[in-house]
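> Data: structure-v7.pdb, PDB, C-alpha atoms, pLDDT in the B column.
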ATOM      1  CA  MET B   1      18.457  32.626  -9.000  1.00 44.00           C
ATOM      2  CA  ALA B   2      20.898  30.355 -10.811  1.00 46.00           C
ATOM      3  CA  LEU B   3      18.954  27.374  -9.497  1.00 46.00           C
ATOM      4  CA  PHE B   4      15.975  28.386 -11.668  1.00 44.00           C
ATOM      5  CA  THR B   5      17.948  28.792 -14.899  1.00 50.00           C
ATOM      6  CA  GLY B   6      16.259  26.843 -17.681  1.00 53.00           C
ATOM      7  CA  ILE B   7      13.085  26.155 -15.700  1.00 50.00           C
ATOM      8  CA  THR B   8      10.048  27.359 -17.615  1.00 54.00           C
ATOM      9  CA  VAL B   9       6.748  28.510 -16.174  1.00 48.00           C
ATOM     10  CA  LYS B  10       5.201  25.301 -17.509  1.00 49.00           C
ATOM     11  CA  HIS B  11       7.756  23.152 -15.642  1.00 50.00           C
ATOM     12  CA  PHE B  12       7.260  25.112 -12.447  1.00 48.00           C
ATOM     13  CA  SER B  13       3.488  24.792 -12.728  1.00 52.00           C
ATOM     14  CA  LEU B  14       3.821  21.050 -13.302  1.00 50.00           C
ATOM     15  CA  VAL B  15       5.894  20.674 -10.144  1.00 51.00           C
ATOM     16  CA  LEU B  16       3.315  22.600  -8.129  1.00 56.00           C
ATOM     17  CA  ARG B  17       0.528  20.413  -9.468  1.00 57.00           C
ATOM     18  CA  TYR B  18       2.413  17.226  -8.678  1.00 55.00           C
ATOM     19  CA  LEU B  19       3.009  18.451  -5.131  1.00 58.00           C
ATOM     20  CA  MET B  20      -0.681  19.262  -4.826  1.00 59.00           C
ATOM     21  CA  VAL B  21      -1.691  15.738  -5.886  1.00 55.00           C
ATOM     22  CA  SER B  22       0.816  14.162  -3.505  1.00 57.00           C
ATOM     23  CA  TYR B  23      -0.480  16.306  -0.648  1.00 56.00           C
ATOM     24  CA  LEU B  24      -4.104  15.375  -1.319  1.00 56.00           C
ATOM     25  CA  LEU B  25      -3.224  11.671  -1.443  1.00 55.00           C
ATOM     26  CA  LYS B  26      -1.357  11.960   1.840  1.00 53.00           C
ATOM     27  CA  ALA B  27      -4.405  13.685   3.282  1.00 52.00           C
ATOM     28  CA  GLY B  28      -6.399  10.534   2.659  1.00 49.00           C
ATOM     29  CA  LEU B  29      -8.144  11.147  -0.665  1.00 53.00           C
ATOM     30  CA  HIS B  30      -8.450   8.322  -3.175  1.00 52.00           C
ATOM     31  CA  LEU B  31      -6.675   8.880  -6.498  1.00 55.00           C
ATOM     32  CA  GLY B  32      -9.981   9.027  -8.379  1.00 53.00           C
ATOM     33  CA  ASP B  33     -11.283  11.680  -6.004  1.00 54.00           C
ATOM     34  CA  VAL B  34      -8.094  13.700  -6.445  1.00 52.00           C
ATOM     35  CA  CYS B  35      -8.455  13.560 -10.222  1.00 53.00           C
ATOM     36  CA  SER B  36     -12.098  14.651 -10.126  1.00 51.00           C
ATOM     37  CA  SER B  37     -11.447  17.489  -7.673  1.00 52.00           C
ATOM     38  CA  ALA B  38      -8.464  18.835  -9.577  1.00 51.00           C
ATOM     39  CA  ASP B  39     -10.224  18.645 -12.951  1.00 52.00           C
ATOM     40  CA  ALA B  40     -13.293  20.391 -11.530  1.00 51.00           C
ATOM     41  CA  ALA B  41     -11.034  23.182 -10.282  1.00 51.00           C
ATOM     42  CA  GLY B  42      -9.803  23.773 -13.830  1.00 52.00           C
ATOM     43  CA  TYR B  43      -6.451  21.957 -13.672  1.00 50.00           C
ATOM     44  CA  ASN B  44      -5.266  19.965 -16.651  1.00 55.00           C
ATOM     45  CA  THR B  45      -4.227  16.909 -14.650  1.00 51.00           C
ATOM     46  CA  GLU B  46      -3.123  14.631 -17.496  1.00 54.00           C
ATOM     47  CA  GLU B  47       0.543  15.668 -17.330  1.00 53.00           C
ATOM     48  CA  VAL B  48       0.600  15.350 -13.530  1.00 51.00           C
ATOM     49  CA  TYR B  49      -1.022  11.924 -13.224  1.00 51.00           C
ATOM     50  CA  LYS B  50       1.030  10.270 -15.935  1.00 56.00           C
ATOM     51  CA  ARG B  51       4.009  10.884 -13.675  1.00 74.00           C
ATOM     52  CA  MET B  52       2.385   9.214 -10.663  1.00 88.00           C
ATOM     53  CA  LEU B  53       3.039   5.493 -10.228  1.00 95.00           C
ATOM     54  CA  VAL B  54       0.052   3.521  -8.961  1.00 96.00           C
ATOM     55  CA  PHE B  55       0.439  -0.078  -7.767  1.00 97.00           C
ATOM     56  CA  LYS B  56      -2.629  -2.286  -8.302  1.00 96.00           C
ATOM     57  CA  ASP B  57      -3.701  -5.816  -7.419  1.00 95.00           C
ATOM     58  CA  VAL B  58      -3.183  -8.191 -10.373  1.00 94.00           C
ATOM     59  CA  ILE B  59      -6.307 -10.150  -9.430  1.00 91.00           C
ATOM     60  CA  THR B  60      -8.875  -7.477  -8.532  1.00 91.00           C
ATOM     61  CA  GLY B  61      -7.368  -4.368 -10.118  1.00 92.00           C
ATOM     62  CA  ASN B  62      -7.790  -2.512  -6.814  1.00 92.00           C
ATOM     63  CA  GLU B  63      -5.417   0.334  -6.054  1.00 94.00           C
ATOM     64  CA  MET B  64      -2.970  -0.709  -3.324  1.00 96.00           C
ATOM     65  CA  PHE B  65      -0.646   2.295  -2.989  1.00 97.00           C
ATOM     66  CA  THR B  66       1.074   5.027  -4.979  1.00 96.00           C
ATOM     67  CA  ASP B  67       4.608   6.353  -5.104  1.00 95.00           C
ATOM     68  CA  SER B  68       3.495   9.300  -2.965  1.00 94.00           C
ATOM     69  CA  PHE B  69       4.259   6.915  -0.090  1.00 97.00           C
ATOM     70  CA  LYS B  70       7.789   5.928   0.818  1.00 97.00           C
ATOM     71  CA  TYR B  71       8.375   2.268  -0.061  1.00 97.00           C
ATOM     72  CA  THR B  72      11.227  -0.224  -0.149  1.00 97.00           C
ATOM     73  CA  LEU B  73      11.563  -3.330  -2.320  1.00 97.00           C
ATOM     74  CA  VAL B  74      12.925  -6.148  -0.138  1.00 97.00           C
ATOM     75  CA  ASP B  75      14.732  -9.058  -1.845  1.00 95.00           C
ATOM     76  CA  ASP B  76      12.738  -8.379  -5.032  1.00 95.00           C
ATOM     77  CA  ILE B  77       9.778 -10.098  -3.362  1.00 96.00           C
ATOM     78  CA  VAL B  78       7.818  -7.614  -1.194  1.00 97.00           C
ATOM     79  CA  TYR B  79       7.248  -3.895  -0.930  1.00 98.00           C
ATOM     80  CA  GLU B  80       7.305  -2.450   2.566  1.00 98.00           C
ATOM     81  CA  VAL B  81       5.279   0.764   2.448  1.00 98.00           C
ATOM     82  CA  GLU B  82       5.588   3.341   5.217  1.00 98.00           C
ATOM     83  CA  ALA B  83       2.463   5.044   6.570  1.00 97.00           C
ATOM     84  CA  LYS B  84       1.438   7.479   9.281  1.00 95.00           C
ATOM     85  CA  TYR B  85      -1.481   7.629  11.655  1.00 94.00           C
ATOM     86  CA  LYS B  86      -4.060  10.355  11.151  1.00 91.00           C
ATOM     87  CA  PRO B  87      -7.276  11.228  13.021  1.00 89.00           C
ATOM     88  CA  ILE B  88     -10.375   9.533  11.676  1.00 80.00           C
ATOM     89  CA  ASP B  89     -12.598  11.922   9.729  1.00 62.00           C
ATOM     90  CA  ASN B  90     -15.928  12.937  11.244  1.00 52.00           C
ATOM     91  CA  GLY B  91     -18.658  10.539  10.231  1.00 54.00           C
ATOM     92  CA  MET B  92     -16.246   7.692   9.584  1.00 48.00           C
ATOM     93  CA  GLU B  93     -16.835   4.656  11.746  1.00 48.00           C
ATOM     94  CA  SER B  94     -14.004   3.950  14.163  1.00 43.00           C
ATOM     95  CA  VAL B  95     -12.031   0.792  13.496  1.00 46.00           C
ATOM     96  CA  PRO B  96      -9.849  -1.137  15.976  1.00 43.00           C
ATOM     97  CA  LEU B  97      -6.167  -0.507  15.379  1.00 47.00           C
ATOM     98  CA  LEU B  98      -2.904  -1.543  16.918  1.00 47.00           C
ATOM     99  CA  LYS B  99      -1.582   1.631  18.518  1.00 47.00           C
ATOM    100  CA  ALA B 100       1.893   2.415  19.723  1.00 47.00           C
ATOM    101  CA  ASP B 101       2.354   4.873  22.598  1.00 42.00           C
ATOM    102  CA  ALA B 102       5.238   6.606  20.856  1.00 41.00           C
ATOM    103  CA  GLU B 103       3.084   7.461  17.850  1.00 48.00           C
ATOM    104  CA  VAL B 104      -0.541   7.666  18.913  1.00 48.00           C
ATOM    105  CA  ASP B 105      -2.603   9.210  21.702  1.00 51.00           C
ATOM    106  CA  GLU B 106      -4.618   6.296  23.114  1.00 56.00           C
ATOM    107  CA  ASP B 107      -7.691   8.525  23.491  1.00 57.00           C
ATOM    108  CA  LEU B 108      -7.673   9.496  19.813  1.00 66.00           C
ATOM    109  CA  ASP B 109      -9.366   7.450  17.076  1.00 84.00           C
ATOM    110  CA  VAL B 110      -6.852   7.167  14.270  1.00 90.00           C
ATOM    111  CA  VAL B 111      -6.287   5.299  11.027  1.00 93.00           C
ATOM    112  CA  PRO B 112      -3.171   4.800   8.881  1.00 95.00           C
ATOM    113  CA  ASP B 113      -3.228   7.277   5.999  1.00 95.00           C
ATOM    114  CA  LEU B 114      -2.614   4.477   3.481  1.00 97.00           C
ATOM    115  CA  VAL B 115      -5.830   2.753   4.588  1.00 95.00           C
ATOM    116  CA  GLU B 116      -7.885   5.837   3.725  1.00 92.00           C
ATOM    117  CA  THR B 117      -5.984   6.680   0.550  1.00 93.00           C
ATOM    118  CA  SER B 118      -6.428   3.206  -0.984  1.00 94.00           C
ATOM    119  CA  ASN B 119      -9.739   2.355   0.721  1.00 93.00           C
ATOM    120  CA  LEU B 120      -8.224  -0.721   2.352  1.00 94.00           C
ATOM    121  CA  VAL B 121     -10.531  -2.699   4.605  1.00 91.00           C
ATOM    122  CA  GLU B 122      -9.813  -4.877   7.604  1.00 88.00           C
ATOM    123  CA  GLY B 123     -11.891  -7.952   6.885  1.00 70.00           C
ATOM    124  CA  PRO B 124     -13.190 -10.713   9.181  1.00 64.00           C
ATOM    125  CA  VAL B 125     -10.416 -13.287   9.187  1.00 64.00           C
ATOM    126  CA  ASP B 126     -10.678 -16.347  11.405  1.00 72.00           C
ATOM    127  CA  ASP B 127      -7.228 -17.703  10.640  1.00 81.00           C
ATOM    128  CA  LYS B 128      -4.707 -15.280   9.165  1.00 87.00           C
ATOM    129  CA  LYS B 129      -2.177 -18.005   8.445  1.00 88.00           C
ATOM    130  CA  VAL B 130      -4.669 -20.027   6.419  1.00 88.00           C
ATOM    131  CA  GLN B 131      -5.728 -16.940   4.467  1.00 88.00           C
ATOM    132  CA  ILE B 132      -2.155 -15.915   3.668  1.00 90.00           C
ATOM    133  CA  LYS B 133      -1.143 -19.406   2.556  1.00 89.00           C
ATOM    134  CA  ALA B 134      -4.238 -19.696   0.352  1.00 89.00           C
ATOM    135  CA  TYR B 135      -3.365 -16.398  -1.314  1.00 91.00           C
ATOM    136  CA  LEU B 136       0.285 -17.388  -1.793  1.00 91.00           C
ATOM    137  CA  LYS B 137      -0.790 -20.684  -3.346  1.00 90.00           C
ATOM    138  CA  ASN B 138      -2.998 -18.731  -5.735  1.00 89.00           C
ATOM    139  CA  LEU B 139      -0.086 -16.480  -6.700  1.00 91.00           C
ATOM    140  CA  SER B 140       2.250 -19.458  -7.145  1.00 91.00           C
ATOM    141  CA  GLY B 141      -0.193 -20.919  -9.651  1.00 90.00           C
ATOM    142  CA  ARG B 142       0.337 -17.917 -11.918  1.00 90.00           C
ATOM    143  CA  PHE B 143       3.943 -18.938 -12.672  1.00 92.00           C
ATOM    144  CA  ASP B 144       4.541 -20.954 -15.852  1.00 93.00           C
ATOM    145  CA  ASP B 145       8.263 -21.482 -15.240  1.00 95.00           C
ATOM    146  CA  PRO B 146       8.834 -24.046 -12.442  1.00 94.00           C
ATOM    147  CA  ASP B 147      12.226 -22.543 -11.557  1.00 96.00           C
ATOM    148  CA  GLU B 148      10.730 -19.051 -11.153  1.00 95.00           C
ATOM    149  CA  LYS B 149       7.924 -20.529  -9.097  1.00 95.00           C
ATOM    150  CA  LEU B 150      10.371 -22.309  -6.772  1.00 96.00           C
ATOM    151  CA  LEU B 151      12.483 -19.165  -6.346  1.00 96.00           C
ATOM    152  CA  PHE B 152       9.333 -17.167  -5.555  1.00 95.00           C
ATOM    153  CA  GLN B 153       8.283 -19.684  -2.890  1.00 94.00           C
ATOM    154  CA  LEU B 154      11.746 -19.853  -1.308  1.00 95.00           C
ATOM    155  CA  LYS B 155      12.071 -16.052  -1.117  1.00 96.00           C
ATOM    156  CA  LEU B 156       8.624 -15.702   0.391  1.00 94.00           C
ATOM    157  CA  LYS B 157       9.339 -18.343   3.019  1.00 93.00           C
ATOM    158  CA  ARG B 158      12.594 -16.642   3.948  1.00 96.00           C
ATOM    159  CA  TYR B 159      10.924 -13.240   4.192  1.00 96.00           C
ATOM    160  CA  PHE B 160       7.907 -14.311   6.244  1.00 95.00           C
ATOM    161  CA  ASP B 161       9.964 -16.522   8.546  1.00 95.00           C
ATOM    162  CA  GLY B 162      12.180 -13.533   9.249  1.00 96.00           C
ATOM    163  CA  LEU B 163       9.251 -11.183   9.713  1.00 96.00           C
ATOM    164  CA  LEU B 164       6.939 -13.416  11.726  1.00 95.00           C
ATOM    165  CA  GLY B 165       9.335 -15.822  13.433  1.00 94.00           C
ATOM    166  CA  LYS B 166       9.456 -19.605  13.467  1.00 90.00           C
ATOM    167  CA  GLY B 167       6.038 -21.052  12.792  1.00 90.00           C
ATOM    168  CA  TRP B 168       4.833 -17.481  12.233  1.00 92.00           C
ATOM    169  CA  LYS B 169       4.420 -17.155  15.982  1.00 93.00           C
ATOM    170  CA  ASN B 170       4.314 -13.352  15.765  1.00 94.00           C
ATOM    171  CA  LEU B 171       1.520 -13.184  13.195  1.00 93.00           C
ATOM    172  CA  ASP B 172      -0.959 -11.997  15.848  1.00 90.00           C
ATOM    173  CA  LYS B 173       1.048  -8.768  16.145  1.00 92.00           C
ATOM    174  CA  PHE B 174      -0.009  -7.868  12.599  1.00 94.00           C
ATOM    175  CA  LEU B 175      -3.339  -6.713  11.222  1.00 93.00           C
ATOM    176  CA  MET B 176      -4.613  -7.963   7.891  1.00 93.00           C
ATOM    177  CA  TYR B 177      -6.210  -5.771   5.246  1.00 94.00           C
ATOM    178  CA  TRP B 178      -7.841  -6.372   1.875  1.00 91.00           C
ATOM    179  CA  GLY B 179      -8.510  -4.159  -1.095  1.00 91.00           C
ATOM    180  CA  GLU B 180     -11.712  -2.220  -1.558  1.00 88.00           C
ATOM    181  CA  ASP B 181     -14.843  -4.452  -1.510  1.00 81.00           C
ATOM    182  CA  ASP B 182     -12.676  -7.568  -1.179  1.00 75.00           C
ATOM    183  CA  GLU B 183     -12.898  -8.110   2.591  1.00 69.00           C
ATOM    184  CA  PHE B 184     -15.497 -10.879   2.208  1.00 70.00           C
ATOM    185  CA  ASP B 185     -14.568 -12.530  -1.103  1.00 74.00           C
ATOM    186  CA  ASN B 186     -10.846 -12.484  -0.236  1.00 79.00           C
ATOM    187  CA  GLU B 187      -9.877 -12.911  -3.886  1.00 83.00           C
ATOM    188  CA  GLY B 188      -7.098 -10.339  -3.957  1.00 88.00           C
ATOM    189  CA  MET B 189      -3.982  -9.563  -1.980  1.00 92.00           C
ATOM    190  CA  CYS B 190      -3.601 -10.225   1.739  1.00 92.00           C
ATOM    191  CA  ILE B 191      -1.940  -7.110   3.139  1.00 95.00           C
ATOM    192  CA  LEU B 192      -0.190  -7.209   6.484  1.00 95.00           C
ATOM    193  CA  MET B 193       0.231  -4.140   8.676  1.00 96.00           C
ATOM    194  CA  GLY B 194       2.814  -3.999  11.454  1.00 96.00           C
ATOM    195  CA  HIS B 195       4.696  -1.353  13.394  1.00 97.00           C
ATOM    196  CA  ARG B 196       8.259  -0.106  13.277  1.00 96.00           C
ATOM    197  CA  ASP B 197      10.214   0.279  16.497  1.00 95.00           C
ATOM    198  CA  SER B 198       9.283   3.969  16.359  1.00 94.00           C
ATOM    199  CA  GLY B 199       5.596   3.055  16.495  1.00 94.00           C
ATOM    200  CA  SER B 200       4.788   4.085  12.927  1.00 96.00           C
ATOM    201  CA  PRO B 201       2.721   1.650  10.833  1.00 97.00           C
ATOM    202  CA  TYR B 202       3.957  -0.052   7.682  1.00 98.00           C
ATOM    203  CA  PHE B 203       2.346  -2.381   5.153  1.00 98.00           C
ATOM    204  CA  VAL B 204       3.617  -5.474   3.343  1.00 98.00           C
ATOM    205  CA  PHE B 205       2.644  -6.025  -0.306  1.00 98.00           C
ATOM    206  CA  ILE B 206       3.896  -8.970  -2.368  1.00 97.00           C
ATOM    207  CA  LYS B 207       5.532  -7.648  -5.527  1.00 97.00           C
ATOM    208  CA  GLN B 208       4.392 -10.498  -7.772  1.00 95.00           C
ATOM    209  CA  GLY B 209       0.782  -9.749  -6.818  1.00 96.00           C
ATOM    210  CA  LEU B 210       1.016  -6.211  -8.187  1.00 97.00           C
ATOM    211  CA  TYR B 211       1.264  -4.366 -11.451  1.00 96.00           C
ATOM    212  CA  ASN B 212       1.816  -0.655 -11.839  1.00 94.00           C
ATOM    213  CA  GLU B 213       0.502   2.097 -14.036  1.00 93.00           C
ATOM    214  CA  LYS B 214       1.609   5.669 -14.608  1.00 88.00           C
ATOM    215  CA  TYR B 215      -1.098   8.297 -14.606  1.00 76.00           C
TER     216      TYR B 215
END
Output the file's structure as structure tokens, nothing else.


Amino acid sequence: MALFTGITVKHFSLVLRYLMVSYLLKAGLHLGDVCSSADAAGYNTEEVYKRMLVFKDVITGNEMFTDSFKYTLVDDIVYEVEAKYKPIDNGMESVPLLKADAEVDEDLDVVPDLVETSNLVEGPVDDKKVQIKAYLKNLSGRFDDPDEKLLFQLKLKRYFDGLLGKGWKNLDKFLMYWGEDDEFDNEGMCILMGHRDSGSPYFVFIKQGLYNEKY
């Protein structure tokens, strides 16, 4: 009982609500849908959402991911966000995915939970390398300080060379996603999805292409 000393009913209720929101996001609901559902059920969600960190695309404003997902900042240049496969909901069109035997039953249609949560879309991309470099050039143009711009470019080159190999020879092992309704215009962030050795999917987001808000 000593563990609960000083914890008020209000604090306990807030924790429960935060856990509820995190669970619903993990289940594949978009943040806006979670807010609407919780408010309709009579919850005062303002205190819960202001504690949730949402990362958005600086160009399109699309939601990319939230802190309900485990993520790691690598070299202050990219976020690697961990995801899990989940069965595709009834009525949702099946999409082709890279599947790993250790994680996924080959006979089961699945989708990474982050794709559903943020409404990411795999767009028609003829040349992934060209698309990525065009996006990076766009981001580089947003820097006013030439030294910061150079450091950004050097860090990105080091990261992608390490991730994709010399000449980005391993790029075909990755899928590319875009934000909601951006799969044809390709104005926002190029998002790469790969697999860990365990078979679980993860996503790569460039830090400088994001801003965050607390809800």

> Between B:Gln208, B:Phe203, B:Gly123, B:Asp67, which one has atoms that come closest to Gly141 (chain B), using all atoms listed in the file?

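Result for the nearest residue to Gly141 (chain B): B:Gln208.
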
> Within 9 Å of Thr66 (chain B), counting all atoms listed in the file, which residues qualify if same-chain residues fewer than 3 places away don't, as an MDAnalysis selection string?

chainID B and resid 25 31 52:56 63 69:70 118 212

> In terms of the shortest atom-to-atom distance over only C-alpha atoms, which of B:Ala134, B:Pro87, B:Leu156, B:Pro146 is closest to Lys207 (chain B)?

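Closest residue, counting only C-alpha atoms: B:Leu156.
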
> Would you mind telling me which residue in B:Leu154, B:Lys166, B:Ser140, B:Asp113 lies nearest to Phe65 (chain B) when using only C-alpha atoms?

B:Asp113

> What is the CA of Asn186 (chain B) to CA of Trp168 (chain B) distance in Å?

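So the two atoms, CA of Asn186 (chain B) and CA of Trp168 (chain B), lie 20.6 Å apart.
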
> Find, counting all atoms listed in the file, the residue in B:Ile88, B:Leu171, B:Ile77, B:Met64 that gets nearest to Val130 (chain B).

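Under the stated criterion, the closest residue is B:Leu171.
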
> I'd like the contact shell of Phe174 (chain B) - 12 Å cut-off, all atoms listed in the file, skipping same-chain residues fewer than 6 positions apart - returned as a PyMOL selection string.

chain B and resi 97-99+122+128-129+163-164+168+190-196+201-204

> CA of Lys86 (chain B) and CA of Val111 (chain B) are how many Å apart?

5.5 Å

> Could you put an axis-aligned box around every listed atom of region 106-120 of chain B, padded by 8 Å on each side, and send me its centre and edge lengths in Å to one decimal, as AutoDock Vina command-line options?


--center_x -6.2 --center_y 4.4 --center_z 11.3 --size_x 23.1 --size_y 26.2 --size_z 40.5
